[in-house]
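Encoded as C-alpha cells, the structure appears first; notes follow it.
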Amino acid sequence: MKFSIQINEGPYQHQASDTAYQFAKAALAAGHEIFRVFFYHDGVNNATRLAVPPQDDRNVAKQWSELALENDLDMVVCIAAAQRRGIMDAAEAKRQGLDADNLMAGFRISGLGQLIEAGIESDRLIVFGA
Amino acid sequence: MKFSIQINEGPYQHQASDTAYQFAKAALAAGHEIFRVFFYHDGVNNATRLAVPPQDDRNVAKQWSELALENDLDMVVCIAAAQRRGIMDAAEAKRQGLDADNLMAGFRISGLGQLIEAGIESDRLIVFGA
Amino acid sequence: MAIKKFMYTNRKAPYGTVYALESLEVVLIGAAFDQDVSLAFIGDGVYQLTKGQTTEAIGQKNFSPVYAALGDYDVNKIYIEKESLEERGLSLDDLQHLVWEDEDEDWAEKDSIRLVSRSELADVMTEQEIILSF
Amino acid sequence: MAIKKFMYTNRKAPYGTVYALESLEVVLIGAAFDQDVSLAFIGDGVYQLTKGQTTEAIGQKNFSPVYAALGDYDVNKIYIEKESLEERGLSLDDLQHLVWEDEDEDWAEKDSIRLVSRSELADVMTEQEIILSF
Amino acid sequence: MGLLHTVNKSPFESNTFDTCLGYALDGSTVLLIEDGVYAATIGTRASEKIQQKIQSNNDVSFAVLGPDLQARGLENKLADGIKVVDYEGFVNLVAEHDSVQSWL
Amino acid sequence: MGLLHTVNKSPFESNTFDTCLGYALDGSTVLLIEDGVYAATIGTRASEKIQQKIQSNNDVSFAVLGPDLQARGLENKLADGIKVVDYEGFVNLVAEHDSVQSWL
C-alpha cells in the first residue's frame, strides 16, 4: 500500500516526529511504499543539519536523513513554513540574501501543493502532530 | 523593579514569544529593568537569523534582536536546548565541526546557570510557554 | 486526475497557535487541485470564524478576512459542529456569514456554512478519503 | 548570595513532550546554586516518577533514573499532589521511592517525597519567590 | 499580595484553567491570556466557575488581557467581574504580586 | 472498515479523547499513542469511558501503542478490552481502515 506522512512538530519538544519515524520504519519493513513525508508547521525544524544533541540521545534530523537516503524517500519541507522559521537550503538562502543555510541532506524544500499531491497519490495519509 | 523572562516556545507555532515581547516592551516603557530574557526548550528557535517570514507578518527574531540592541537587553539562549535543535553561534559551530551557524545578533548562547542566576538576581521571573 | 474526498479538520483557536493560519494556507493551495473539499470546525476551531477579530495590539496579522474568500475558490462545504458552538456560548450570528455563488443556478448566492450535530459530522467524516488534521 | 525559595512546577507527562527532561536538567544545574528548592508534581507531572519506564522501543533515552539522584544534590522537597495521583489510578507504590541522607542526623536516610493535598500544595506555592513552570 | 496566576490555554480544550482555580488562594489574581481568554466569555461553563469562585472567595481577583480578547473578536462577550488589562496592566500585576505561577 | 482515530494527548489534561469518542462510529478503531496511552490505564475515568463505549457499541475497537505504554512504565496497568499493538500493528491498522483522523 502507498502511504504518505505529515509531520507538524519539531524534534524533541514533541514526540510526533519520533512516532512518525518509527511508523515509517515499520511501514517500510512491512513492504509498504512511502510516497512522501511532508514536514509542515514546526515540523520543518526536523530538517536542520546544525543539531548536535547529547551523545546518549537520538539525533532526529540525522535519523530521518539516513532513512531517506537508504530508502530513497521523498522528504519535503514546506517552503512557507520553513521561511517563517529559518530553515533554508543553499539556493533559497542565496535568493534571500542570507549568509548561511541549514538544510540537512535527504530533505528538499517545496510548496504546499506537494502535500495535496501526496493526499491524491497515496492510499493513506497520516498526520503526526501535537 | 527588576524582571526576568523565560520563553519556552519557538516563534509562530505558539503565541508565547509574541506575548513575552509585548510584555517586555511594556515593562521597559513603564521604567522597569529587564535583567535577562532566557530562551529555553523550543524557545531557542526565536534566535535564528535565517527566518524570512512573509512581508505582511512580523519577524519575531528580528523584533527581539532590535529590542535587545535598543535597550541593551541580555538575551541568553540555553546551550543544551540550542544544540538539540540546531541553533549555533559561530564559535560553537566551529567547535562542533559544522559548516554554518545561524544565531541572530543580540542573542548569546550560554548555560542553564544563567536562568537560575536570573531568578536569584531579579525581583520577578515570569515564564511564557505552551 | 482522480477526485478524492478531502477533509480539513480545524480544532484549534486562532492566534494562540499557528495551526489555524497555516491550515488556511493549505486550503487555499489545495483549492487549485479541484478535489472534493470539506472543512470541519470542531471544538475551539469554531473560534476561527468569529466576527470582529482585531489583532493590532497583539502584533499578529488578522487573517480572518481570508475565510470570506473561500467561496471564490469553490470551497463551500464548511461544517460547524453545533455542540462546540453552543458549549462556547456562541451562535451562528457570532460567526462570519460565508457564501458562494452557484454557477449552475445563474450564480445564485448560497450559504457555505452547514451547522451540524456531532453525530452528523461524524458521518461526513467517515466518508472522507484523506483527512488533514490541524 | 541571597537564598531564595525556588519552586519547579512539573505538570507534563514524560516522553510525549520534552518539558519533563529539560526541567530535570534545570533542577540539576540549579542545585549548584544552593537555593531553597522545592519540586511540585501536579496533574500529568506525577507520571514523571512512575517505576519501570522502558523506552528502547520509542527510541528515546530513559531519564527516569536521574530522579533517584536528586537526594544527592540536596533536592529533597518533592511534593506530589494527592488528587492528581488518585485521579490517575495511582498510589505512591507506583512511583519511585526517592530518598536523601540527612547530614545533621548522621546521614540518616529520609523520604524526599511529600504526598500533599492540592490545598496544602497551594499554600507551599504561595510561599515561593521564584516559580519555574514546565 | 499573593500569587499572580496566568492561564494561557482554552478551558474547553485543556484542564489547566480548572487546576489553576484550585490553586488560587486569598490575595491572588488569575490573569487570562492568549487562548486562556475564552474562559472570560459569557454563556460558558468557565465563566460560571469564575463567578462561583468570586462569590465563595472575594479575595481572589480575575483579569483578562484585552489585546487577546480583541484579537479573538470577543470583546463584547466579556463576563461580569473580570477586569480588562493591557500589557502595561499585565506588567503592573506582575509587580504588585509576590511571584508568578504560569499555568502552561 | 471505517476510520482509524488516533489520540495522542492525555485524557486528564486535554478533552481530545472525549471528543474522539463522540466521533467513533461502527467499524472504527481508536488507537491511543504517545500521551494518549494514559487513557488505557485501570482505575481512571477514561478507561471507564472506554468500557462504556465498548458495551454500548461493540463495533468500535480500542488499541494502544505498546512501546508508548512501556516507556511510561504502565504496561501492568492496562485496562480490559484494549488491544496492544507495536509499530507494525499501527501500520496494519492504518492499512485496514479506510482513512485516518488524527485527533491532535
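Ligands are numbered from 1 in the order shown, chains are lettered A, B, ... in the order of the C-alpha cells, and residues start at 1 in each chain.
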Q | DSSP strand (DSSP E) selection over chain B, as a PyMOL selection string | A | chain B and resi 2-7+33-39+75-78+107-110+124-128
(Q) Env of Ala24 of chain B: 8 Å cut, atoms = only C-alpha atoms, seq-sep filter 4 positions within chain, self excluded. Answer as a VMD selection string. (A) chain B and resid 20 28 34
**Q.** Who sits within 9 Å of segment 59-67 of chain D, only C-alpha atoms, same chain under 4 positions skipped, as a PyMOL selection string
**A.** (chain A and resi 18-19+22+56-58) or (chain D and resi 14-15+21+24+48-55+71+96+98) or (chain F and resi 71)
Write a file of the selected residues as a compact mmCIF listing (two decimals), in the first residue's frame, keeping C-alpha atoms.
```
# COMPACT_ATOMS: atom_id res chain seq x y z
CA ASP A 18 9.79 10.17 16.79
CA THR A 19 6.50 8.33 16.41
CA GLN A 22 9.06 4.53 13.98
CA ASP A 56 23.39 9.40 24.52
CA ASP A 57 20.31 10.79 22.79
CA ARG A 58 18.96 10.25 19.28
CA PRO D 14 7.40 12.38 30.17
CA TYR D 15 8.34 11.43 26.57
CA LEU D 21 13.52 16.04 30.67
CA LEU D 24 15.14 17.99 35.26
CA GLN D 48 7.31 11.52 35.50
CA LEU D 49 8.05 9.45 38.62
CA THR D 50 6.49 6.09 37.65
CA LYS D 51 8.62 2.97 38.19
CA GLY D 52 9.62 0.68 35.37
CA GLN D 53 9.91 3.13 32.48
CA THR D 54 11.35 1.26 29.48
CA THR D 55 11.98 3.45 26.48
CA GLY D 71 18.73 13.49 47.02
CA GLN D 96 9.91 5.68 42.61
CA LEU D 98 13.07 8.93 46.47
CA ALA F 71 8.04 3.89 28.04
```
Find the nearest atom pair between each residue of chain A and chain C for residues within 9 Å, count only C-alpha atoms, give distances in Å to one decimal, sort rows by chain and ascending number, and present the table as a tab-separated table.
```
residue	atom	partner	partner_atom	distance
A:Gln6	CA	C:Leu132	CA	8.6
A:Asn8	CA	C:Phe134	CA	8.5
A:Tyr40	CA	C:Glu22	CA	8.7
A:His41	CA	C:Glu22	CA	7.2
A:Ala81	CA	C:Glu22	CA	8.0
A:Gly111	CA	C:Ile29	CA	8.9
A:Leu112	CA	C:Val26	CA	6.3
A:Gly113	CA	C:Ile29	CA	6.2
A:Leu115	CA	C:Val26	CA	8.3
A:Ile116	CA	C:Gly30	CA	5.9
A:Glu117	CA	C:Phe33	CA	8.3
A:Gly119	CA	C:Ile130	CA	6.2
A:Ile120	CA	C:Lys4	CA	6.6
A:Glu121	CA	C:Ala2	CA	8.8
A:Asp123	CA	C:Glu129	CA	8.4
A:Arg124	CA	C:Ile130	CA	7.0
A:Leu125	CA	C:Ile130	CA	6.3
A:Ile126	CA	C:Leu132	CA	7.9
A:Val127	CA	C:Ser133	CA	6.6
A:Phe128	CA	C:Ser133	CA	8.8
A:Gly129	CA	C:Phe134	CA	8.2
A:Ala130	CA	C:Phe134	CA	8.9
```
Q) Please, which residues of chain F lie no more than 12 Å from chain D when the count uses only C-alpha atoms, and can they be set out as a ChimeraX atom specification? A) /F:7-14,33-48,65-79,86-88
Q: Kindly give the distance, in Å, that separates atom CA of Met125 of chain C and atom CA of Thr9 of chain C, rounded to a single decimal.
A: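 Atom CA of Met125 of chain C sits 9.1 Å away from atom CA of Thr9 of chain C.
The spacing separating atom CA of Val30 of chain F from atom CA of Val44 of chain A amounts to 27.9 Å.
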Quick one: chain E onto chain F, least squares on all Cα paired in order, result as a short mmCIF file (atom, residue, chain, number, x, y, z; two decimals) with N, CA, C and O atoms, in the first residue's frame?
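Saved the output as superposed_18.cif:
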```cif
data_model
loop_
_atom_site.label_atom_id
_atom_site.label_comp_id
_atom_site.auth_asym_id
_atom_site.auth_seq_id
_atom_site.Cartn_x
_atom_site.Cartn_y
_atom_site.Cartn_z
N MET E 1 -13.44 -1.15 6.14
CA MET E 1 -13.68 -0.71 7.52
C MET E 1 -13.70 0.80 7.63
O MET E 1 -13.26 1.50 6.73
N GLY E 2 -14.21 1.28 8.76
CA GLY E 2 -14.36 2.72 8.97
C GLY E 2 -13.05 3.43 9.22
O GLY E 2 -12.01 3.07 8.68
N LEU E 3 -13.13 4.45 10.05
CA LEU E 3 -11.97 5.29 10.31
C LEU E 3 -11.07 4.71 11.39
O LEU E 3 -11.54 4.07 12.33
N LEU E 4 -9.78 5.01 11.25
CA LEU E 4 -8.86 4.85 12.37
C LEU E 4 -8.69 6.22 13.00
O LEU E 4 -8.32 7.19 12.32
N HIS E 5 -9.02 6.31 14.30
CA HIS E 5 -8.81 7.55 15.05
C HIS E 5 -7.56 7.40 15.89
O HIS E 5 -7.45 6.43 16.64
N THR E 6 -6.64 8.34 15.82
CA THR E 6 -5.52 8.30 16.76
C THR E 6 -5.68 9.45 17.77
O THR E 6 -6.10 10.54 17.42
N VAL E 7 -5.35 9.14 19.03
CA VAL E 7 -5.39 10.14 20.11
C VAL E 7 -4.01 10.14 20.77
O VAL E 7 -3.54 9.10 21.23
N ASN E 8 -3.37 11.31 20.80
CA ASN E 8 -2.00 11.36 21.35
C ASN E 8 -1.88 12.26 22.57
O ASN E 8 -0.79 12.60 22.98
N LYS E 9 -3.03 12.63 23.15
CA LYS E 9 -2.98 13.54 24.31
C LYS E 9 -3.54 12.85 25.55
O LYS E 9 -4.47 12.06 25.47
N SER E 10 -3.03 13.22 26.67
CA SER E 10 -3.53 12.69 27.94
C SER E 10 -4.98 13.09 28.15
O SER E 10 -5.34 14.26 27.99
N PRO E 11 -5.84 12.13 28.53
CA PRO E 11 -7.25 12.45 28.77
C PRO E 11 -7.44 13.31 30.02
O PRO E 11 -8.52 13.85 30.23
N PHE E 12 -6.40 13.43 30.84
CA PHE E 12 -6.51 14.22 32.07
C PHE E 12 -6.20 15.68 31.84
O PHE E 12 -6.57 16.54 32.63
N GLU E 13 -5.49 15.97 30.77
CA GLU E 13 -5.07 17.35 30.52
C GLU E 13 -5.81 17.97 29.34
O GLU E 13 -5.81 19.19 29.19
N SER E 14 -6.38 17.14 28.49
CA SER E 14 -6.98 17.63 27.24
C SER E 14 -8.32 16.95 27.02
O SER E 14 -8.53 15.81 27.46
N ASN E 15 -9.23 17.60 26.32
CA ASN E 15 -10.54 16.98 26.06
C ASN E 15 -10.56 16.21 24.75
O ASN E 15 -11.62 15.74 24.31
N THR E 16 -9.39 16.07 24.12
CA THR E 16 -9.28 15.42 22.82
C THR E 16 -9.86 14.00 22.82
O THR E 16 -10.59 13.60 21.91
N PHE E 17 -9.53 13.25 23.87
CA PHE E 17 -10.01 11.87 23.96
C PHE E 17 -11.55 11.83 23.99
O PHE E 17 -12.17 11.04 23.28
N ASP E 18 -12.15 12.71 24.79
CA ASP E 18 -13.61 12.75 24.87
C ASP E 18 -14.24 13.10 23.53
O ASP E 18 -15.24 12.50 23.12
N THR E 19 -13.65 14.09 22.85
CA THR E 19 -14.17 14.48 21.53
C THR E 19 -14.10 13.29 20.58
O THR E 19 -15.06 12.98 19.87
N CYS E 20 -12.96 12.62 20.59
CA CYS E 20 -12.78 11.48 19.70
C CYS E 20 -13.85 10.42 19.93
O CYS E 20 -14.41 9.88 18.97
N LEU E 21 -14.17 10.13 21.19
CA LEU E 21 -15.18 9.10 21.47
C LEU E 21 -16.50 9.43 20.79
O LEU E 21 -17.20 8.55 20.30
N GLY E 22 -16.83 10.73 20.71
CA GLY E 22 -18.07 11.15 20.07
C GLY E 22 -18.06 10.93 18.57
O GLY E 22 -19.12 10.92 17.94
N TYR E 23 -16.88 10.78 18.00
CA TYR E 23 -16.76 10.59 16.55
C TYR E 23 -16.48 9.14 16.15
O TYR E 23 -16.36 8.84 14.97
N ALA E 24 -16.36 8.25 17.14
CA ALA E 24 -16.03 6.86 16.83
C ALA E 24 -17.30 6.08 16.50
O ALA E 24 -18.07 5.71 17.38
N LEU E 25 -17.52 5.83 15.22
CA LEU E 25 -18.72 5.13 14.75
C LEU E 25 -18.41 3.65 14.52
O LEU E 25 -17.28 3.20 14.64
N ASP E 26 -19.45 2.91 14.15
CA ASP E 26 -19.29 1.48 13.83
C ASP E 26 -18.14 1.26 12.85
O ASP E 26 -18.00 1.98 11.86
N GLY E 27 -17.36 0.23 13.15
CA GLY E 27 -16.29 -0.13 12.22
C GLY E 27 -15.02 0.66 12.42
O GLY E 27 -14.03 0.44 11.72
N SER E 28 -15.04 1.58 13.37
CA SER E 28 -13.84 2.38 13.57
C SER E 28 -13.01 1.83 14.73
O SER E 28 -13.49 1.07 15.57
N THR E 29 -11.74 2.21 14.74
CA THR E 29 -10.84 1.85 15.83
C THR E 29 -10.23 3.12 16.40
O THR E 29 -9.86 4.02 15.64
N VAL E 30 -10.14 3.18 17.73
CA VAL E 30 -9.46 4.29 18.40
C VAL E 30 -8.10 3.76 18.87
O VAL E 30 -8.05 2.83 19.67
N LEU E 31 -7.03 4.36 18.35
CA LEU E 31 -5.68 3.94 18.73
C LEU E 31 -5.06 5.02 19.62
O LEU E 31 -4.93 6.17 19.21
N LEU E 32 -4.67 4.62 20.82
CA LEU E 32 -4.06 5.54 21.77
C LEU E 32 -2.55 5.49 21.62
O LEU E 32 -1.95 4.42 21.72
N ILE E 33 -1.94 6.64 21.35
CA ILE E 33 -0.48 6.70 21.18
C ILE E 33 0.09 7.84 22.04
O ILE E 33 -0.65 8.67 22.55
N GLU E 34 1.40 7.85 22.20
CA GLU E 34 2.10 8.91 22.95
C GLU E 34 1.39 9.15 24.30
O GLU E 34 1.08 8.18 24.99
N ASP E 35 1.14 10.39 24.68
CA ASP E 35 0.49 10.63 25.98
C ASP E 35 -0.97 10.20 25.99
O ASP E 35 -1.62 10.23 27.04
N GLY E 36 -1.49 9.80 24.85
CA GLY E 36 -2.85 9.28 24.80
C GLY E 36 -3.00 7.93 25.49
O GLY E 36 -4.11 7.54 25.87
N VAL E 37 -1.87 7.22 25.69
CA VAL E 37 -1.95 5.87 26.27
C VAL E 37 -2.45 5.88 27.71
O VAL E 37 -2.94 4.85 28.20
N TYR E 38 -2.35 7.03 28.38
CA TYR E 38 -2.83 7.06 29.77
C TYR E 38 -4.32 6.74 29.87
O TYR E 38 -4.80 6.30 30.92
N ALA E 39 -5.07 6.95 28.80
CA ALA E 39 -6.50 6.64 28.80
C ALA E 39 -6.74 5.14 28.91
O ALA E 39 -7.84 4.71 29.24
N ALA E 40 -5.71 4.35 28.64
CA ALA E 40 -5.87 2.89 28.65
C ALA E 40 -5.56 2.28 30.00
O ALA E 40 -5.59 1.05 30.14
N THR E 41 -5.29 3.10 31.02
CA THR E 41 -4.86 2.53 32.30
C THR E 41 -6.01 2.36 33.28
O THR E 41 -6.94 3.19 33.32
N ILE E 42 -5.94 1.30 34.08
CA ILE E 42 -7.02 0.95 35.02
C ILE E 42 -7.21 2.02 36.10
O ILE E 42 -6.30 2.76 36.43
N GLY E 43 -8.42 2.04 36.61
CA GLY E 43 -8.72 2.93 37.73
C GLY E 43 -8.85 4.38 37.32
O GLY E 43 -8.73 5.27 38.16
N THR E 44 -9.10 4.63 36.06
CA THR E 44 -9.23 6.02 35.60
C THR E 44 -10.61 6.22 34.96
O THR E 44 -11.22 5.27 34.46
N ARG E 45 -11.08 7.44 34.98
CA ARG E 45 -12.34 7.79 34.36
C ARG E 45 -12.29 7.49 32.85
O ARG E 45 -13.29 7.08 32.26
N ALA E 46 -11.13 7.70 32.24
CA ALA E 46 -11.00 7.49 30.80
C ALA E 46 -11.20 6.02 30.43
O ALA E 46 -11.92 5.70 29.48
N SER E 47 -10.57 5.11 31.20
CA SER E 47 -10.73 3.70 30.83
C SER E 47 -12.15 3.22 31.12
O SER E 47 -12.67 2.33 30.44
N GLU E 48 -12.83 3.84 32.11
CA GLU E 48 -14.25 3.53 32.31
C GLU E 48 -15.07 3.91 31.08
O GLU E 48 -15.99 3.19 30.68
N LYS E 49 -14.74 5.08 30.52
CA LYS E 49 -15.47 5.51 29.32
C LYS E 49 -15.24 4.55 28.15
O LYS E 49 -16.13 4.33 27.34
N ILE E 50 -14.03 4.00 28.09
CA ILE E 50 -13.75 3.01 27.04
C ILE E 50 -14.64 1.78 27.24
O ILE E 50 -15.26 1.28 26.30
N GLN E 51 -14.73 1.32 28.49
CA GLN E 51 -15.59 0.15 28.77
C GLN E 51 -17.04 0.45 28.39
O GLN E 51 -17.71 -0.38 27.78
N GLN E 52 -17.51 1.65 28.76
CA GLN E 52 -18.89 2.02 28.42
C GLN E 52 -19.12 2.05 26.92
O GLN E 52 -20.14 1.58 26.42
N LYS E 53 -18.15 2.59 26.21
CA LYS E 53 -18.27 2.67 24.74
C LYS E 53 -18.33 1.27 24.14
O LYS E 53 -19.14 1.00 23.25
N ILE E 54 -17.47 0.38 24.64
CA ILE E 54 -17.45 -1.00 24.12
C ILE E 54 -18.79 -1.69 24.40
O ILE E 54 -19.34 -2.39 23.55
N GLN E 55 -19.32 -1.45 25.61
CA GLN E 55 -20.59 -2.08 25.95
C GLN E 55 -21.75 -1.55 25.12
O GLN E 55 -22.64 -2.29 24.73
N SER E 56 -21.73 -0.24 24.85
CA SER E 56 -22.84 0.34 24.10
C SER E 56 -22.68 0.14 22.60
O SER E 56 -23.63 0.22 21.84
N ASN E 57 -21.46 -0.09 22.16
CA ASN E 57 -21.23 -0.27 20.72
C ASN E 57 -20.03 -1.18 20.52
O ASN E 57 -18.89 -0.73 20.46
N ASN E 58 -20.32 -2.49 20.39
CA ASN E 58 -19.20 -3.44 20.29
C ASN E 58 -18.59 -3.50 18.90
O ASN E 58 -17.74 -4.34 18.63
N ASP E 59 -18.99 -2.56 18.04
CA ASP E 59 -18.38 -2.48 16.72
C ASP E 59 -17.32 -1.36 16.66
O ASP E 59 -16.86 -1.00 15.60
N VAL E 60 -16.99 -0.82 17.82
CA VAL E 60 -15.86 0.12 17.92
C VAL E 60 -14.75 -0.57 18.71
O VAL E 60 -15.01 -1.15 19.77
N SER E 61 -13.53 -0.55 18.18
CA SER E 61 -12.41 -1.23 18.84
C SER E 61 -11.44 -0.23 19.42
O SER E 61 -11.35 0.90 18.95
N PHE E 62 -10.72 -0.66 20.42
CA PHE E 62 -9.70 0.18 21.06
C PHE E 62 -8.35 -0.52 21.04
O PHE E 62 -8.26 -1.72 21.31
N ALA E 63 -7.32 0.26 20.73
CA ALA E 63 -5.96 -0.29 20.72
C ALA E 63 -5.03 0.74 21.35
O ALA E 63 -5.35 1.93 21.43
N VAL E 64 -3.90 0.26 21.85
CA VAL E 64 -2.92 1.14 22.48
C VAL E 64 -1.55 0.77 21.95
O VAL E 64 -1.27 -0.41 21.70
N LEU E 65 -0.69 1.76 21.76
CA LEU E 65 0.65 1.51 21.24
C LEU E 65 1.54 1.03 22.40
O LEU E 65 1.86 1.81 23.30
N GLY E 66 1.90 -0.25 22.35
CA GLY E 66 2.67 -0.87 23.43
C GLY E 66 3.96 -0.13 23.77
O GLY E 66 4.25 0.09 24.97
N PRO E 67 4.77 0.24 22.80
CA PRO E 67 6.02 0.95 23.11
C PRO E 67 5.79 2.22 23.94
O PRO E 67 6.60 2.52 24.82
N ASP E 68 4.68 2.92 23.70
CA ASP E 68 4.41 4.13 24.49
C ASP E 68 3.96 3.79 25.90
O ASP E 68 4.26 4.52 26.86
N LEU E 69 3.24 2.69 26.04
CA LEU E 69 2.80 2.25 27.37
C LEU E 69 4.01 1.80 28.20
O LEU E 69 4.14 2.15 29.38
N GLN E 70 4.93 1.05 27.57
CA GLN E 70 6.16 0.59 28.24
C GLN E 70 7.01 1.78 28.66
O GLN E 70 7.55 1.80 29.76
N ALA E 71 7.17 2.74 27.76
CA ALA E 71 8.03 3.89 28.04
C ALA E 71 7.54 4.58 29.31
O ALA E 71 8.35 5.05 30.12
N ARG E 72 6.24 4.60 29.51
CA ARG E 72 5.65 5.31 30.64
C ARG E 72 5.51 4.44 31.89
O ARG E 72 4.94 4.87 32.89
N GLY E 73 6.02 3.20 31.81
CA GLY E 73 6.03 2.33 32.99
C GLY E 73 4.66 1.83 33.39
O GLY E 73 4.45 1.47 34.54
N LEU E 74 3.73 1.75 32.43
CA LEU E 74 2.35 1.42 32.80
C LEU E 74 1.81 0.17 32.11
O LEU E 74 0.60 -0.03 32.02
N GLU E 75 2.74 -0.69 31.68
CA GLU E 75 2.33 -1.90 30.97
C GLU E 75 1.43 -2.79 31.83
O GLU E 75 0.51 -3.43 31.33
N ASN E 76 1.71 -2.83 33.14
CA ASN E 76 0.93 -3.71 34.03
C ASN E 76 -0.35 -3.03 34.55
O ASN E 76 -1.01 -3.54 35.44
N LYS E 77 -0.67 -1.87 34.00
CA LYS E 77 -1.88 -1.15 34.42
C LYS E 77 -2.93 -1.12 33.31
O LYS E 77 -3.89 -0.34 33.37
N LEU E 78 -2.72 -1.94 32.30
CA LEU E 78 -3.62 -1.89 31.14
C LEU E 78 -5.03 -2.36 31.49
O LEU E 78 -5.21 -3.42 32.09
N ALA E 79 -6.03 -1.58 31.12
CA ALA E 79 -7.43 -1.94 31.36
C ALA E 79 -7.88 -3.00 30.35
O ALA E 79 -7.24 -3.20 29.31
N ASP E 80 -8.99 -3.68 30.68
CA ASP E 80 -9.51 -4.74 29.80
C ASP E 80 -10.05 -4.18 28.49
O ASP E 80 -10.46 -3.03 28.41
N GLY E 81 -10.05 -5.04 27.49
CA GLY E 81 -10.74 -4.72 26.25
C GLY E 81 -9.94 -3.86 25.28
O GLY E 81 -10.46 -3.45 24.24
N ILE E 82 -8.68 -3.60 25.62
CA ILE E 82 -7.85 -2.76 24.76
C ILE E 82 -6.69 -3.58 24.22
O ILE E 82 -5.92 -4.17 24.98
N LYS E 83 -6.59 -3.62 22.91
CA LYS E 83 -5.57 -4.44 22.26
C LYS E 83 -4.23 -3.70 22.24
O LYS E 83 -4.20 -2.50 21.94
N VAL E 84 -3.14 -4.38 22.53
CA VAL E 84 -1.82 -3.76 22.47
C VAL E 84 -1.20 -4.04 21.10
O VAL E 84 -1.17 -5.19 20.65
N VAL E 85 -0.73 -2.98 20.45
CA VAL E 85 -0.05 -3.16 19.15
C VAL E 85 1.33 -2.52 19.21
O VAL E 85 1.58 -1.62 20.01
N ASP E 86 2.24 -3.00 18.36
CA ASP E 86 3.53 -2.33 18.20
C ASP E 86 3.45 -1.47 16.92
O ASP E 86 2.38 -1.30 16.35
N TYR E 87 4.59 -0.90 16.49
CA TYR E 87 4.52 -0.01 15.32
C TYR E 87 4.04 -0.75 14.07
O TYR E 87 3.32 -0.19 13.25
N GLU E 88 4.41 -2.04 13.96
CA GLU E 88 3.92 -2.83 12.83
C GLU E 88 2.40 -2.95 12.89
O GLU E 88 1.71 -2.84 11.88
N GLY E 89 1.88 -3.15 14.11
CA GLY E 89 0.44 -3.23 14.28
C GLY E 89 -0.24 -1.91 13.96
O GLY E 89 -1.36 -1.87 13.41
N PHE E 90 0.43 -0.82 14.29
CA PHE E 90 -0.06 0.52 13.95
C PHE E 90 -0.18 0.65 12.42
O PHE E 90 -1.23 1.07 11.89
N VAL E 91 0.86 0.23 11.72
CA VAL E 91 0.84 0.27 10.25
C VAL E 91 -0.32 -0.57 9.72
O VAL E 91 -1.07 -0.13 8.83
N ASN E 92 -0.51 -1.76 10.30
CA ASN E 92 -1.61 -2.62 9.85
C ASN E 92 -2.96 -1.96 10.07
O ASN E 92 -3.85 -2.06 9.21
N LEU E 93 -3.13 -1.29 11.21
CA LEU E 93 -4.40 -0.61 11.47
C LEU E 93 -4.66 0.48 10.43
O LEU E 93 -5.79 0.64 9.97
N VAL E 94 -3.62 1.21 10.07
CA VAL E 94 -3.79 2.25 9.05
C VAL E 94 -4.21 1.61 7.72
O VAL E 94 -5.12 2.10 7.04
N ALA E 95 -3.57 0.51 7.39
CA ALA E 95 -3.87 -0.15 6.12
C ALA E 95 -5.29 -0.73 6.11
O ALA E 95 -5.99 -0.69 5.09
N GLU E 96 -5.74 -1.26 7.27
CA GLU E 96 -7.04 -1.94 7.34
C GLU E 96 -8.23 -0.98 7.32
O GLU E 96 -9.34 -1.38 6.97
N HIS E 97 -8.01 0.27 7.78
CA HIS E 97 -9.13 1.21 7.81
C HIS E 97 -9.13 2.08 6.56
O HIS E 97 -8.12 2.21 5.88
N ASP E 98 -10.28 2.69 6.28
CA ASP E 98 -10.42 3.45 5.04
C ASP E 98 -9.63 4.74 5.05
O ASP E 98 -9.12 5.18 4.03
N SER E 99 -9.58 5.40 6.22
CA SER E 99 -8.75 6.60 6.33
C SER E 99 -8.47 6.87 7.80
O SER E 99 -8.95 6.13 8.67
N VAL E 100 -7.68 7.91 8.06
CA VAL E 100 -7.19 8.15 9.42
C VAL E 100 -7.51 9.59 9.83
O VAL E 100 -7.23 10.53 9.09
N GLN E 101 -8.12 9.72 11.01
CA GLN E 101 -8.30 11.05 11.60
C GLN E 101 -7.40 11.12 12.83
O GLN E 101 -7.57 10.36 13.80
N SER E 102 -6.42 12.01 12.81
CA SER E 102 -5.53 12.20 13.95
C SER E 102 -6.11 13.31 14.82
O SER E 102 -6.20 14.46 14.38
N TRP E 103 -6.49 12.96 16.05
CA TRP E 103 -7.04 13.97 16.97
C TRP E 103 -5.88 14.63 17.68
O TRP E 103 -5.47 14.20 18.76
N LEU E 104 -5.37 15.69 17.07
CA LEU E 104 -4.15 16.33 17.57
C LEU E 104 -4.47 17.34 18.66
O LEU E 104 -5.60 17.76 18.80
#
```
Q: Go through segment 13-129 of chain D and collect every residue that DSSP, computed from the backbone, puts in helix (DSSP H, G or I); the answer should be as an MDAnalysis selection string.
A: chainID D and resid 19:33 43:49 56:58 64:73 82:87 92:94 103:105 118:126
Q) Can you tell me how far atom CA of Ile42 of chain C sits from atom CA of Phe35 of chain A, in Å to one decimal? A)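 Answer for the atom CA of Ile42 of chain C to atom CA of Phe35 of chain A separation: 29.4 Å.
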Q | Interface, chain A side, toward chain B (10 Å; only C-alpha atoms) as a PyMOL selection string | A | chain A and resi 8-14+41-42+45-54+57-61+80-88+93+96-102
